[in-house]
Amino acid sequence: MGTFCSVIRFENLQELKRLCHWGPIIALGVIAICSTMAMIDSILWYWPLHTTGGSVNFIMLINWTVMIIYNYFNAMFAGPGFVPRGWKPENPQDSMYLQYCKVCQAYKAPRSHHCRKCNRCIMKMDHHCPWINNCCGHQNHASFTLFLLLAPLGCIHAAFIFVMTMYTQLYNRLSFGWNTVKIDMSAARRDPLPIVPFGLAAFAATLFALGLALGTTIAVGMLFFIQIKIILRNKTSIESWIEEKAKDRIQYYQLDEVFVFPYDMGSKWTNFKQVFTWSGVPEGDGLEWPVREGCDQYSLTREQLKQKADKRVRSVRYKVIEDYNGACCPLNRGIKTFFTSPCTEEPRIQLQKGELILATRGLRYWLYGDKILDDSFIEGTSRIRGWFPRNCVEKSPCDGESDPAPEGEKKNR
């Protein structure tokens, strides 16, 4: 009922425009094709409803479809949770530890970030996902992760139906030159025969649906493992990058301090319960968070302010060591890079060996930043911004200066 309540609670029907985007259209199309073909194949050719096994199988298919669609729409329409416009901390002195968002006319609460696509500050923002055309954040993180789990499980079931349908229907028709396949499939023969014969069109549709199911299982399954990994650490993708830059800052300046991520409660089960609850509502209000001993609400935001003040860690300088053609999912960069390609509409940038890049954020296998084209880097036409694989670059050594900038930028500082 949560999804339907979310629909009723729409501030206006403009939210329905989220469906008019290539991400939801493709995602819902794949769900519809795989679910419909699995049900048709089961009823007509593989496992008829008049049998007990067929009835159970059909109910399971319906169950997968309903749960997948429920969590998908809940992640899309319930939304991540927005920082209220004009928000500021109760204690005015705490505002010195927070960044101010000029767009939302509010302070950024701990763990929140501004999304340029949604044009709002998002509570505990992880990323903006084009497949739901919304951000993944505090309120919909559980629904989004459940969708990533259920979609591969449902596709595995559907793929089994597709394979068995083709196997049972084509066993006595297959021939490879001089050798005919001889398999005893008497137990699979339908009596009476199916009303609709399994023809070429049915075979093509089943084969196409099988490809979609297998592709979805692999791609979405990888995304699920990435999400569950950061949930067990009580982090977001953005916070992982902040932590990496914090350790880089401490190492560079050889500071006598250790960065402690404040929201990791030290127990994976405790971290898990921060997102997944029996009520379906995540713990907390999205503005204040439980922190580990020795930390406070603003431990991470103070680190962000340090990084913002330190030009060296605001962007880390990298040198390209291998060419990259700008492909969305480059298979030649490794299987992990291929399957962890960022789910975003932001572009990829082509790289050539020897070029310089200023990375501002990133994931485990991908980085996001600006390509340095010439000495007039500060000019709008002198930079190309986008994602690129982490394994085709290496950190550029510093020449006695904190992350030396192009000469043109130095002159304009």
# chains A, B, ... in the order shown; residues from 1 in each chain; ligands from 1
call {"tool": "closest_atom_pairs", "arguments": {"of": "range 180-292 of chain A", "to": "range 349-370 of chain A", "cutoff": "9 Å", "atoms": "only C-alpha atoms", "output": "JSON lines"}}
result
{"residue": "A:Ser237", "atom": "CA", "partner": "A:Leu363", "partner_atom": "CA", "distance": 6.7}
{"residue": "A:Ile238", "atom": "CA", "partner": "A:Arg361", "partner_atom": "CA", "distance": 7.5}
{"residue": "A:Ser240", "atom": "CA", "partner": "A:Leu363", "partner_atom": "CA", "distance": 7.7}
{"residue": "A:Trp241", "atom": "CA", "partner": "A:Arg361", "partner_atom": "CA", "distance": 5.9}
{"residue": "A:Ile242", "atom": "CA", "partner": "A:Arg361", "partner_atom": "CA", "distance": 7.9}
{"residue": "A:Lys245", "atom": "CA", "partner": "A:Arg361", "partner_atom": "CA", "distance": 8.8}
call {"tool": "select_by_dssp", "arguments": {"residues": "range 170-397 of chain A", "states": "strand (DSSP E)", "output": "tab-separated table (two decimals) with C-alpha atoms, in the first residue's frame"}}
result
chain	number	residue	atom	x	y	z
A	175	SER	CA	19.19	-31.41	-35.91
A	176	PHE	CA	22.88	-30.70	-36.33
A	179	ASN	CA	23.34	-36.15	-36.02
A	180	THR	CA	19.83	-35.70	-34.62
A	316	VAL	CA	43.18	15.40	-7.25
A	317	ARG	CA	45.47	15.59	-10.26
A	318	TYR	CA	45.91	12.46	-12.38
A	319	LYS	CA	47.98	11.63	-15.44
A	320	VAL	CA	46.59	9.40	-18.17
A	356	LEU	CA	46.18	15.53	-17.28
A	357	ILE	CA	42.91	15.20	-15.37
A	358	LEU	CA	41.59	16.93	-12.26
A	359	ALA	CA	39.29	14.45	-10.48
A	360	THR	CA	36.71	15.90	-8.11
A	361	ARG	CA	34.87	12.75	-7.08
A	362	GLY	CA	34.68	9.09	-7.94
A	366	TRP	CA	35.56	5.23	-11.97
A	367	LEU	CA	36.52	8.88	-11.47
A	368	TYR	CA	34.76	12.11	-12.40
A	369	GLY	CA	36.59	15.30	-13.25
A	370	ASP	CA	37.93	17.80	-15.80
A	371	LYS	CA	40.40	17.20	-18.60
A	372	ILE	CA	43.11	19.88	-18.70
A	383	ARG	CA	37.75	21.92	-20.14
A	384	ILE	CA	35.88	18.70	-20.82
A	385	ARG	CA	34.08	17.19	-17.85
A	386	GLY	CA	32.89	13.62	-17.34
A	387	TRP	CA	33.58	10.08	-16.10
A	388	PHE	CA	36.59	7.92	-16.93
A	389	PRO	CA	37.98	4.56	-15.67
A	393	VAL	CA	45.16	7.05	-14.87
A	394	GLU	CA	47.61	7.45	-12.02
A	395	LYS	CA	48.15	10.23	-9.52
call {"tool": "closest_residue", "arguments": {"among": "A:Leu207, A:Val260, A:Ala327, A:Ile161", "to": "Glu303 in chain A", "atoms": "only C-alpha atoms"}}
result
A:Val260
call {"tool": "residues_around", "arguments": {"residues": "Lys308 in chain A", "least_positions_apart": "6", "cutoff": "12 Å", "atoms": "only C-alpha atoms", "output": "list of chain:residue names"}}
result
A:Leu98, A:Gln99, A:Ile242, A:Lys245, A:Ala246, A:Arg249, A:Thr301, A:Arg302, A:Arg314, A:Ser315, A:Thr360
call {"tool": "residues_around", "arguments": {"residues": "Gly81 in chain A", "least_positions_apart": "5", "cutoff": "7 Å", "atoms": "only C-alpha atoms", "output": "VMD selection string"}}
result
chain A and resid 122 to 123 137 to 139
